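> What follows is start.txt, made up of compact mmCIF, C-alpha atoms:
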```txt
# COMPACT_ATOMS: atom_id res chain seq x y z
CA MET A 1205 -19.96 -34.82 0.14
CA THR A 1206 -19.76 -31.17 1.20
CA LEU A 1207 -22.84 -29.78 2.96
CA SER A 1208 -24.23 -26.35 2.16
CA PRO A 1209 -23.38 -23.58 4.65
CA ARG A 1210 -27.16 -23.27 5.12
CA MET A 1211 -27.30 -26.72 6.74
CA PRO A 1212 -28.35 -26.17 10.40
CA ASP A 1213 -26.58 -27.81 13.31
CA LEU A 1214 -28.20 -30.43 15.53
CA ALA A 1215 -28.79 -28.05 18.44
CA ALA A 1216 -30.84 -25.74 16.23
CA LEU A 1217 -32.94 -28.65 15.00
CA GLU A 1218 -33.61 -29.68 18.61
CA ILE A 1219 -35.03 -26.20 19.22
CA LEU A 1220 -37.35 -26.58 16.23
CA LEU A 1221 -38.63 -29.95 17.47
CA ALA A 1222 -39.18 -28.56 20.96
CA VAL A 1223 -41.31 -25.75 19.48
CA ALA A 1224 -43.26 -28.31 17.45
CA ARG A 1225 -43.98 -30.40 20.54
CA ALA A 1226 -44.74 -27.56 22.97
CA GLY A 1227 -46.67 -25.23 20.65
CA THR A 1228 -45.23 -22.21 22.50
CA LEU A 1229 -41.83 -20.61 22.77
CA SER A 1230 -42.00 -20.60 26.57
CA GLY A 1231 -42.93 -24.30 26.63
CA ALA A 1232 -40.08 -25.11 24.25
CA GLY A 1233 -37.76 -23.12 26.51
CA ARG A 1234 -38.77 -25.15 29.57
CA GLU A 1235 -38.12 -28.39 27.62
CA VAL A 1236 -34.61 -27.46 26.53
CA GLY A 1237 -33.62 -25.34 29.54
CA LEU A 1238 -33.64 -21.93 27.84
CA THR A 1239 -35.60 -18.70 28.27
CA GLN A 1240 -38.44 -17.80 25.89
CA GLN A 1241 -36.29 -15.00 24.48
CA ALA A 1242 -33.38 -17.37 23.83
CA VAL A 1243 -35.66 -19.85 22.04
CA SER A 1244 -37.10 -17.05 19.91
CA ALA A 1245 -33.63 -15.81 19.00
CA ARG A 1246 -32.40 -19.29 18.06
CA LEU A 1247 -35.48 -20.04 16.00
CA ALA A 1248 -34.99 -16.76 14.15
CA ALA A 1249 -31.32 -17.63 13.57
CA LEU A 1250 -32.37 -21.04 12.20
CA GLU A 1251 -34.80 -19.40 9.77
CA SER A 1252 -32.13 -16.92 8.70
CA ARG A 1253 -29.58 -19.67 8.13
CA THR A 1254 -31.89 -21.95 6.17
CA GLY A 1255 -33.67 -19.19 4.30
CA VAL A 1256 -36.97 -20.87 5.14
CA ARG A 1257 -39.79 -19.51 7.33
CA LEU A 1258 -40.38 -22.30 9.83
CA ALA A 1259 -42.91 -20.97 12.37
CA THR A 1260 -45.62 -18.38 12.82
CA ARG A 1261 -45.56 -16.55 16.17
CA THR A 1262 -48.81 -15.36 17.69
CA THR A 1263 -49.83 -14.12 21.11
CA ARG A 1264 -51.21 -17.59 21.82
CA GLY A 1265 -48.05 -19.48 20.86
CA ALA A 1266 -46.02 -20.64 17.86
CA THR A 1267 -47.24 -22.81 14.99
CA LEU A 1268 -45.01 -24.47 12.43
CA THR A 1269 -45.51 -23.46 8.84
CA ALA A 1270 -46.02 -26.16 6.21
CA GLU A 1271 -42.33 -25.90 5.43
CA GLY A 1272 -41.55 -26.07 9.15
CA VAL A 1273 -43.54 -29.30 9.49
CA VAL A 1274 -41.48 -30.92 6.71
CA VAL A 1275 -38.20 -29.70 8.21
CA ALA A 1276 -39.28 -30.97 11.64
CA GLN A 1277 -39.92 -34.43 10.17
CA TRP A 1278 -36.44 -34.45 8.63
CA ALA A 1279 -34.95 -33.15 11.89
CA ASP A 1280 -36.65 -35.92 13.88
CA ARG A 1281 -35.07 -38.61 11.68
CA LEU A 1282 -31.70 -36.91 11.72
CA LEU A 1283 -31.65 -36.50 15.50
CA ARG A 1284 -32.68 -40.11 16.05
CA LEU A 1285 -29.75 -41.20 13.89
CA ALA A 1286 -27.43 -38.79 15.70
CA GLU A 1287 -28.53 -40.27 19.02
CA GLU A 1288 -27.79 -43.76 17.68
CA VAL A 1289 -24.31 -42.64 16.57
CA ASP A 1290 -23.69 -40.95 19.93
CA THR A 1291 -24.73 -44.09 21.83
CA GLY A 1292 -22.56 -46.25 19.58
CA LEU A 1293 -19.53 -44.01 20.06
CA ALA A 1294 -20.01 -44.16 23.82
CA ALA A 1295 -20.05 -47.95 23.63
CA LEU A 1296 -16.89 -47.95 21.53
CA ARG A 1297 -15.16 -45.65 24.01
CA SER A 1298 -16.16 -47.94 26.85
CA ASP A 1299 -15.03 -51.01 24.89
CA SER A 1300 -11.68 -49.42 24.13
CA ARG A 1301 -11.02 -49.13 27.86
CA SER A 1302 -12.32 -52.55 28.90
CA ARG A 1303 -11.31 -54.84 26.00
CA LEU A 1304 -7.97 -55.12 24.25
CA ARG A 1305 -7.12 -57.27 21.23
CA VAL A 1306 -3.44 -58.18 21.45
CA SER A 1307 -1.39 -60.00 18.84
CA ALA A 1308 2.03 -61.13 20.10
CA SER A 1309 5.03 -63.04 18.87
CA LEU A 1310 5.36 -66.43 20.51
CA THR A 1311 8.31 -65.43 22.69
CA VAL A 1312 6.41 -62.49 24.15
CA ALA A 1313 3.09 -64.38 24.35
CA GLU A 1314 4.57 -67.38 26.14
CA HIS A 1315 7.22 -65.83 28.39
CA LEU A 1316 6.36 -62.18 29.11
CA LEU A 1317 2.68 -61.43 28.59
CA PRO A 1318 1.34 -63.91 31.20
CA SER A 1319 3.17 -62.15 34.05
CA TRP A 1320 2.27 -58.71 32.66
CA LEU A 1321 -1.43 -59.63 32.53
CA VAL A 1322 -1.48 -61.18 36.01
CA ALA A 1323 0.14 -58.05 37.42
CA LEU A 1324 -2.31 -55.89 35.45
CA ARG A 1325 -5.29 -57.70 36.99
CA ALA A 1326 -3.80 -57.44 40.46
CA ASP A 1327 -3.27 -53.71 40.00
CA ALA A 1328 -6.89 -53.27 38.88
CA ALA A 1329 -8.09 -55.25 41.92
CA ARG A 1330 -6.09 -53.02 44.27
CA ARG A 1331 -7.71 -49.98 42.69
CA GLY A 1332 -11.19 -51.50 42.84
CA GLU A 1333 -11.51 -51.31 39.05
CA THR A 1334 -12.71 -53.80 36.46
CA PRO A 1335 -9.60 -55.31 34.82
CA VAL A 1336 -8.97 -54.92 31.11
CA ARG A 1337 -10.17 -58.00 29.21
CA VAL A 1338 -7.37 -59.09 26.88
CA VAL A 1339 -8.04 -61.23 23.80
CA LEU A 1340 -4.65 -62.66 22.82
CA THR A 1341 -3.48 -64.09 19.51
CA ALA A 1342 -0.04 -65.74 19.52
CA THR A 1343 1.63 -65.85 16.11
CA ASN A 1344 4.87 -64.92 14.37
CA SER A 1345 6.06 -61.32 14.12
CA ASP A 1346 5.11 -60.88 10.45
CA HIS A 1347 1.52 -61.86 11.21
CA VAL A 1348 1.47 -59.55 14.24
CA ILE A 1349 2.44 -56.63 12.00
CA GLU A 1350 -0.29 -57.54 9.48
CA GLN A 1351 -2.95 -57.73 12.18
CA VAL A 1352 -2.01 -54.36 13.69
CA ARG A 1353 -2.00 -52.76 10.24
CA ASP A 1354 -5.40 -54.16 9.20
CA GLY A 1355 -7.00 -53.26 12.55
CA SER A 1356 -7.73 -56.79 13.75
CA ALA A 1357 -5.35 -56.17 16.68
CA ASP A 1358 -5.25 -53.02 18.83
CA LEU A 1359 -1.73 -53.69 20.02
CA GLY A 1360 1.10 -55.95 18.87
CA PHE A 1361 4.35 -57.27 20.30
CA ILE A 1362 7.14 -58.26 17.92
CA GLU A 1363 10.71 -59.52 18.18
CA GLY A 1364 12.35 -58.61 14.86
CA VAL A 1365 15.29 -56.30 14.21
CA THR A 1366 13.48 -53.49 12.38
CA VAL A 1367 10.65 -51.09 13.21
CA PRO A 1368 7.78 -51.71 10.76
CA ALA A 1369 7.15 -48.77 8.42
CA GLY A 1370 4.02 -46.79 9.18
CA LEU A 1371 3.61 -48.10 12.73
CA ARG A 1372 4.50 -46.61 16.10
CA SER A 1373 6.62 -48.65 18.48
CA ARG A 1374 8.13 -48.79 21.94
CA VAL A 1375 10.82 -51.11 23.33
CA VAL A 1376 9.27 -53.15 26.16
CA ALA A 1377 12.01 -55.73 26.85
CA ARG A 1378 15.37 -57.03 25.67
CA ASP A 1379 16.34 -60.59 24.90
CA SER A 1380 19.19 -62.58 23.39
CA LEU A 1381 19.29 -65.63 21.15
CA VAL A 1382 21.35 -68.64 22.19
CA LEU A 1383 22.76 -71.53 20.20
CA VAL A 1384 21.78 -74.68 22.10
CA VAL A 1385 22.57 -78.38 21.75
CA THR A 1386 21.96 -81.50 23.82
CA PRO A 1387 24.50 -82.20 26.60
CA ASP A 1388 26.18 -85.01 24.62
CA HIS A 1389 26.86 -82.84 21.54
CA ASP A 1390 30.55 -82.41 20.66
CA TRP A 1391 30.45 -78.62 20.25
CA SER A 1392 32.01 -76.49 22.98
CA SER A 1393 32.28 -73.27 20.94
CA ILE A 1394 32.23 -72.66 17.21
CA PRO A 1395 33.07 -69.86 14.73
CA VAL A 1396 30.20 -68.03 13.08
CA ALA A 1397 31.02 -69.61 9.69
CA GLU A 1398 30.41 -73.09 11.10
CA LEU A 1399 27.04 -72.00 12.46
CA ALA A 1400 26.04 -70.67 9.03
CA ALA A 1401 27.08 -73.95 7.41
CA THR A 1402 25.13 -76.13 9.88
CA PRO A 1403 21.51 -77.15 9.16
CA LEU A 1404 19.55 -76.02 12.22
CA VAL A 1405 16.18 -76.79 13.72
CA THR A 1406 14.47 -73.45 13.21
CA ARG A 1407 11.26 -71.46 13.21
CA GLU A 1408 9.36 -70.72 10.02
CA SER A 1409 10.02 -67.71 7.80
CA GLY A 1410 8.34 -64.63 9.26
CA SER A 1411 9.31 -65.35 12.86
CA GLY A 1412 11.32 -62.70 14.67
CA THR A 1413 13.80 -65.25 15.99
CA ARG A 1414 14.66 -66.45 12.50
CA GLU A 1415 14.89 -62.89 11.18
CA VAL A 1416 17.35 -61.85 13.91
CA LEU A 1417 19.66 -64.79 13.08
CA THR A 1418 19.38 -64.22 9.33
CA VAL A 1419 20.24 -60.52 9.62
CA ALA A 1420 23.14 -61.16 12.03
CA LEU A 1421 24.67 -63.71 9.67
CA ARG A 1422 24.13 -61.45 6.67
CA ASP A 1423 25.91 -58.63 8.49
CA ALA A 1424 28.82 -61.06 8.90
CA GLY A 1425 28.77 -61.75 5.14
CA LEU A 1426 27.21 -65.21 5.51
CA GLU A 1427 23.99 -66.99 4.55
CA GLN A 1428 22.40 -69.75 6.64
CA VAL A 1429 22.09 -73.11 4.85
CA GLU A 1430 18.68 -74.75 4.52
CA PRO A 1431 17.29 -75.85 7.90
CA ALA A 1432 17.30 -79.43 9.07
CA LEU A 1433 13.75 -78.94 10.35
CA GLU A 1434 11.37 -75.97 10.15
CA LEU A 1435 8.68 -75.69 12.84
CA SER A 1436 5.98 -73.15 13.65
CA THR A 1437 6.46 -72.72 17.41
CA THR A 1438 9.36 -72.22 19.80
CA ALA A 1439 8.07 -75.09 21.94
CA ALA A 1440 8.23 -77.42 18.94
CA VAL A 1441 11.80 -76.33 18.10
CA ARG A 1442 12.87 -76.88 21.71
CA ALA A 1443 11.26 -80.33 21.79
CA ALA A 1444 12.97 -81.29 18.52
CA VAL A 1445 16.38 -80.29 19.88
CA LEU A 1446 15.77 -82.30 23.07
CA ALA A 1447 14.81 -85.27 20.87
CA GLY A 1448 18.14 -85.06 19.04
CA ALA A 1449 17.05 -83.40 15.78
CA GLY A 1450 20.00 -81.00 15.84
CA PRO A 1451 21.15 -77.61 17.17
CA ALA A 1452 18.88 -74.56 17.27
CA VAL A 1453 19.09 -70.86 17.99
CA LEU A 1454 16.42 -70.00 20.54
CA SER A 1455 15.38 -67.14 22.78
CA ARG A 1456 17.12 -67.26 26.15
CA LEU A 1457 13.70 -66.59 27.69
CA ALA A 1458 12.45 -69.87 26.24
CA ILE A 1459 15.25 -72.14 27.44
CA THR A 1460 16.37 -70.65 30.79
CA ASP A 1461 14.99 -73.63 32.75
CA ASP A 1462 16.53 -76.13 30.32
CA LEU A 1463 19.96 -74.54 30.67
CA ALA A 1464 19.69 -74.45 34.47
CA ALA A 1465 18.60 -78.11 34.61
CA GLY A 1466 21.26 -79.25 32.15
CA ARG A 1467 18.77 -80.53 29.58
CA LEU A 1468 20.30 -78.19 27.00
CA ARG A 1469 23.75 -76.64 26.73
CA GLU A 1470 24.66 -73.18 25.40
CA VAL A 1471 27.36 -73.04 22.72
CA PRO A 1472 29.18 -69.70 22.33
CA VAL A 1473 29.54 -68.48 18.73
CA ALA A 1474 32.69 -66.46 18.15
CA GLY A 1475 32.11 -63.20 16.29
CA LEU A 1476 28.29 -63.18 16.51
CA SER A 1477 25.99 -61.01 18.64
CA LEU A 1478 22.33 -62.00 18.84
CA GLU A 1479 20.97 -59.35 21.21
CA ARG A 1480 17.54 -58.02 20.28
CA GLU A 1481 14.79 -55.64 21.37
CA LEU A 1482 11.19 -56.70 21.89
CA ARG A 1483 8.75 -54.00 20.80
CA ALA A 1484 5.13 -53.01 21.22
CA ILE A 1485 3.57 -51.68 18.01
CA TRP A 1486 0.37 -49.76 17.28
CA THR A 1487 -1.18 -47.45 14.70
CA GLY A 1488 -1.95 -43.76 15.04
CA PRO A 1489 -0.15 -41.01 16.96
CA ARG A 1490 3.24 -41.34 18.63
CA THR A 1491 1.59 -41.52 22.05
CA PRO A 1492 -0.23 -44.84 22.56
CA PRO A 1493 -4.03 -44.55 22.20
CA ALA A 1494 -5.98 -43.74 25.34
CA GLY A 1495 -7.81 -46.63 26.94
CA ALA A 1496 -6.75 -50.24 27.29
CA VAL A 1497 -3.67 -49.89 25.04
CA ARG A 1498 -2.20 -47.11 27.16
CA ILE A 1499 -3.19 -48.85 30.40
CA LEU A 1500 -1.30 -52.02 29.46
CA LEU A 1501 1.76 -50.25 28.04
CA SER A 1502 2.00 -47.93 31.05
CA HIS A 1503 1.95 -50.97 33.30
CA VAL A 1504 4.58 -52.82 31.22
CA HIS A 1505 6.77 -49.74 31.10
CA SER A 1506 6.61 -49.27 34.87
```
Could you quickly redo this structure as structure tokens?


Amino acid sequence: MTLSPRMPDLAALEILLAVARAGTLSGAGREVGLTQQAVSARLAALESRTGVRLATRTTRGATLTAEGVVVAQWADRLLRLAEEVDTGLAALRSDSRSRLRVSASLTVAEHLLPSWLVALRADAARRGETPVRVVLTATNSDHVIEQVRDGSADLGFIEGVTVPAGLRSRVVARDSLVLVVTPDHDWSSIPVAELAATPLVTRESGSGTREVLTVALRDAGLEQVEPALELSTTAAVRAAVLAGAGPAVLSRLAITDDLAAGRLREVPVAGLSLERELRAIWTGPRTPPAGAVRILLSHVHS
């Protein structure tokens, strides 16, 4: 809907209501912080713009015309609604600085975000500020992208190999995938073709970890055979490998302690690189939105 150029602005309507309440131009001026002359000029400009005579000036004051009374009633409703919108926008601005909805891939949610958030709270405490309240959803990378796109998440963290179309992104960390087996497994190192031909314990379709492996094998001209077991969390995949279900390709972040303790063993794969970037994603301009999103990303970046 396009408004007529004769539609007055809110400030002009406030002048009209002040005249209606005060009954004089000088009284209206005191109410809105203007001189009598300024009120008279703005009222005249309002009448010129609308093409409607709104008030009658006399030596004793100013009286609204019948048309002016009707316009004042409309103006009162409009200004009340404008005040409601203004209050609501202020609340949204405040909320955008104090509350952050984050959707993160499991690797980021389990192994990186906890330390980022603890450090973020500590930094806020040192500054004497109220810390950002983070509402976290941990899911696979495909779901993270969906939630950022549909607005149910303000910020996402993913672990795939591509930057999602239509979203902004920033690299926040780097990781590598590792082929792991139990200590008694007979593998010491294997060629990439043997990995592709081996049923693995793996994450579900849509996870960044699975995508990275699939793309790396495809770049080598290979396709991974059907998995031995398909699970929805990294923790479940790790537990299945420890229980003897078979080899798996997992984030090094997720199995560092297991490798150090000897519970799992890394198997080098000749001819295969599984390095990857972990990214923050958001909608809108190239610069992250002001408020909680920028606060968290600035902290992570530093």

> Could you pull the residues within 12 Å of Leu1359 in chain A, counting all atoms listed in the file, minus those fewer than 3 positions along the same chain, as a PDB file with C-alpha atoms, in the coordinates of the input?


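Listed below is the output, around.pdb:
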```
ATOM      1  CA  SER A1300     -11.680 -49.420  24.130  1.00  0.00           C
ATOM      2  CA  ARG A1303     -11.310 -54.840  26.000  1.00  0.00           C
ATOM      3  CA  LEU A1304      -7.970 -55.120  24.250  1.00  0.00           C
ATOM      4  CA  ARG A1305      -7.120 -57.270  21.230  1.00  0.00           C
ATOM      5  CA  VAL A1306      -3.440 -58.180  21.450  1.00  0.00           C
ATOM      6  CA  SER A1307      -1.390 -60.000  18.840  1.00  0.00           C
ATOM      7  CA  ALA A1308       2.030 -61.130  20.100  1.00  0.00           C
ATOM      8  CA  SER A1309       5.030 -63.040  18.870  1.00  0.00           C
ATOM      9  CA  VAL A1338      -7.370 -59.090  26.880  1.00  0.00           C
ATOM     10  CA  VAL A1339      -8.040 -61.230  23.800  1.00  0.00           C
ATOM     11  CA  LEU A1340      -4.650 -62.660  22.820  1.00  0.00           C
ATOM     12  CA  THR A1341      -3.480 -64.090  19.510  1.00  0.00           C
ATOM     13  CA  VAL A1348       1.470 -59.550  14.240  1.00  0.00           C
ATOM     14  CA  ILE A1349       2.440 -56.630  12.000  1.00  0.00           C
ATOM     15  CA  GLU A1350      -0.290 -57.540   9.480  1.00  0.00           C
ATOM     16  CA  GLN A1351      -2.950 -57.730  12.180  1.00  0.00           C
ATOM     17  CA  VAL A1352      -2.010 -54.360  13.690  1.00  0.00           C
ATOM     18  CA  ARG A1353      -2.000 -52.760  10.240  1.00  0.00           C
ATOM     19  CA  ASP A1354      -5.400 -54.160   9.200  1.00  0.00           C
ATOM     20  CA  GLY A1355      -7.000 -53.260  12.550  1.00  0.00           C
ATOM     21  CA  SER A1356      -7.730 -56.790  13.750  1.00  0.00           C
ATOM     22  CA  ILE A1362       7.140 -58.260  17.920  1.00  0.00           C
ATOM     23  CA  LEU A1371       3.610 -48.100  12.730  1.00  0.00           C
ATOM     24  CA  ARG A1372       4.500 -46.610  16.100  1.00  0.00           C
ATOM     25  CA  SER A1373       6.620 -48.650  18.480  1.00  0.00           C
ATOM     26  CA  ARG A1374       8.130 -48.790  21.940  1.00  0.00           C
ATOM     27  CA  ARG A1483       8.750 -54.000  20.800  1.00  0.00           C
ATOM     28  CA  ALA A1484       5.130 -53.010  21.220  1.00  0.00           C
ATOM     29  CA  ILE A1485       3.570 -51.680  18.010  1.00  0.00           C
ATOM     30  CA  TRP A1486       0.370 -49.760  17.280  1.00  0.00           C
ATOM     31  CA  THR A1487      -1.180 -47.450  14.700  1.00  0.00           C
ATOM     32  CA  GLY A1488      -1.950 -43.760  15.040  1.00  0.00           C
ATOM     33  CA  PRO A1492      -0.230 -44.840  22.560  1.00  0.00           C
ATOM     34  CA  PRO A1493      -4.030 -44.550  22.200  1.00  0.00           C
ATOM     35  CA  GLY A1495      -7.810 -46.630  26.940  1.00  0.00           C
ATOM     36  CA  ALA A1496      -6.750 -50.240  27.290  1.00  0.00           C
ATOM     37  CA  VAL A1497      -3.670 -49.890  25.040  1.00  0.00           C
ATOM     38  CA  ARG A1498      -2.200 -47.110  27.160  1.00  0.00           C
ATOM     39  CA  ILE A1499      -3.190 -48.850  30.400  1.00  0.00           C
ATOM     40  CA  LEU A1500      -1.300 -52.020  29.460  1.00  0.00           C
ATOM     41  CA  LEU A1501       1.760 -50.250  28.040  1.00  0.00           C
TER      42      LEU A1501
END
```

> Residues within 12 Å of Asp1213 in chain A, please, as a list in words. Count all atoms listed in the file; anything in the same chain fewer than 6 positions from it doesn't count.

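So the residues in contact are Leu1207, Ile1219, Leu1220, Arg1246, Ala1249, Leu1250, Arg1253, Thr1254, Ala1279, Leu1282, Leu1283 and Ala1286 of chain A.
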
> Considering all atoms listed in the file, can you say which of A:Thr1239, A:Thr1491, A:Ser1345, A:Thr1291 comes closest to Ala1313 in chain A?

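The shortest atom-to-atom distance to Ala1313 in chain A comes from A:Ser1345.
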
> Any chance you could tabulate, as CSV, the residues of range 1325-1397 of chain A at most 9 Å from range 1409-1414 of chain A with each one's nearest atom pair and distance in Å to one decimal, using all atoms listed in the file, in chain and rising number order?


```
residue,atom,partner,partner_atom,distance
A:Thr1343,CA,A:Ser1411,CA,8.4
A:Asn1344,CA,A:Ser1411,CA,4.7
A:Ser1345,CA,A:Ser1411,CA,5.3
A:Asp1346,CA,A:Gly1410,CA,5.1
A:His1347,CA,A:Gly1410,CA,7.6
A:Ile1362,CA,A:Gly1412,CA,6.9
A:Glu1363,CA,A:Gly1412,CA,4.8
A:Gly1364,CA,A:Gly1412,CA,4.2
A:Val1365,CA,A:Gly1412,CA,7.5
A:Leu1381,CA,A:Thr1413,CA,7.5
```

> Would you kindly return, as a list of chain:residue names, each protein, DNA or RNA residue with an atom no farther than 6 Å from any atom of range 1461-1471 of chain A, considering all atoms listed in the file and excluding same-chain residues fewer than 6 positions away?

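Listing them by chain and then by number gives A:Leu1383, A:Val1384, A:Val1385, A:Thr1386, A:Pro1387, A:Ser1392, A:Ser1393.
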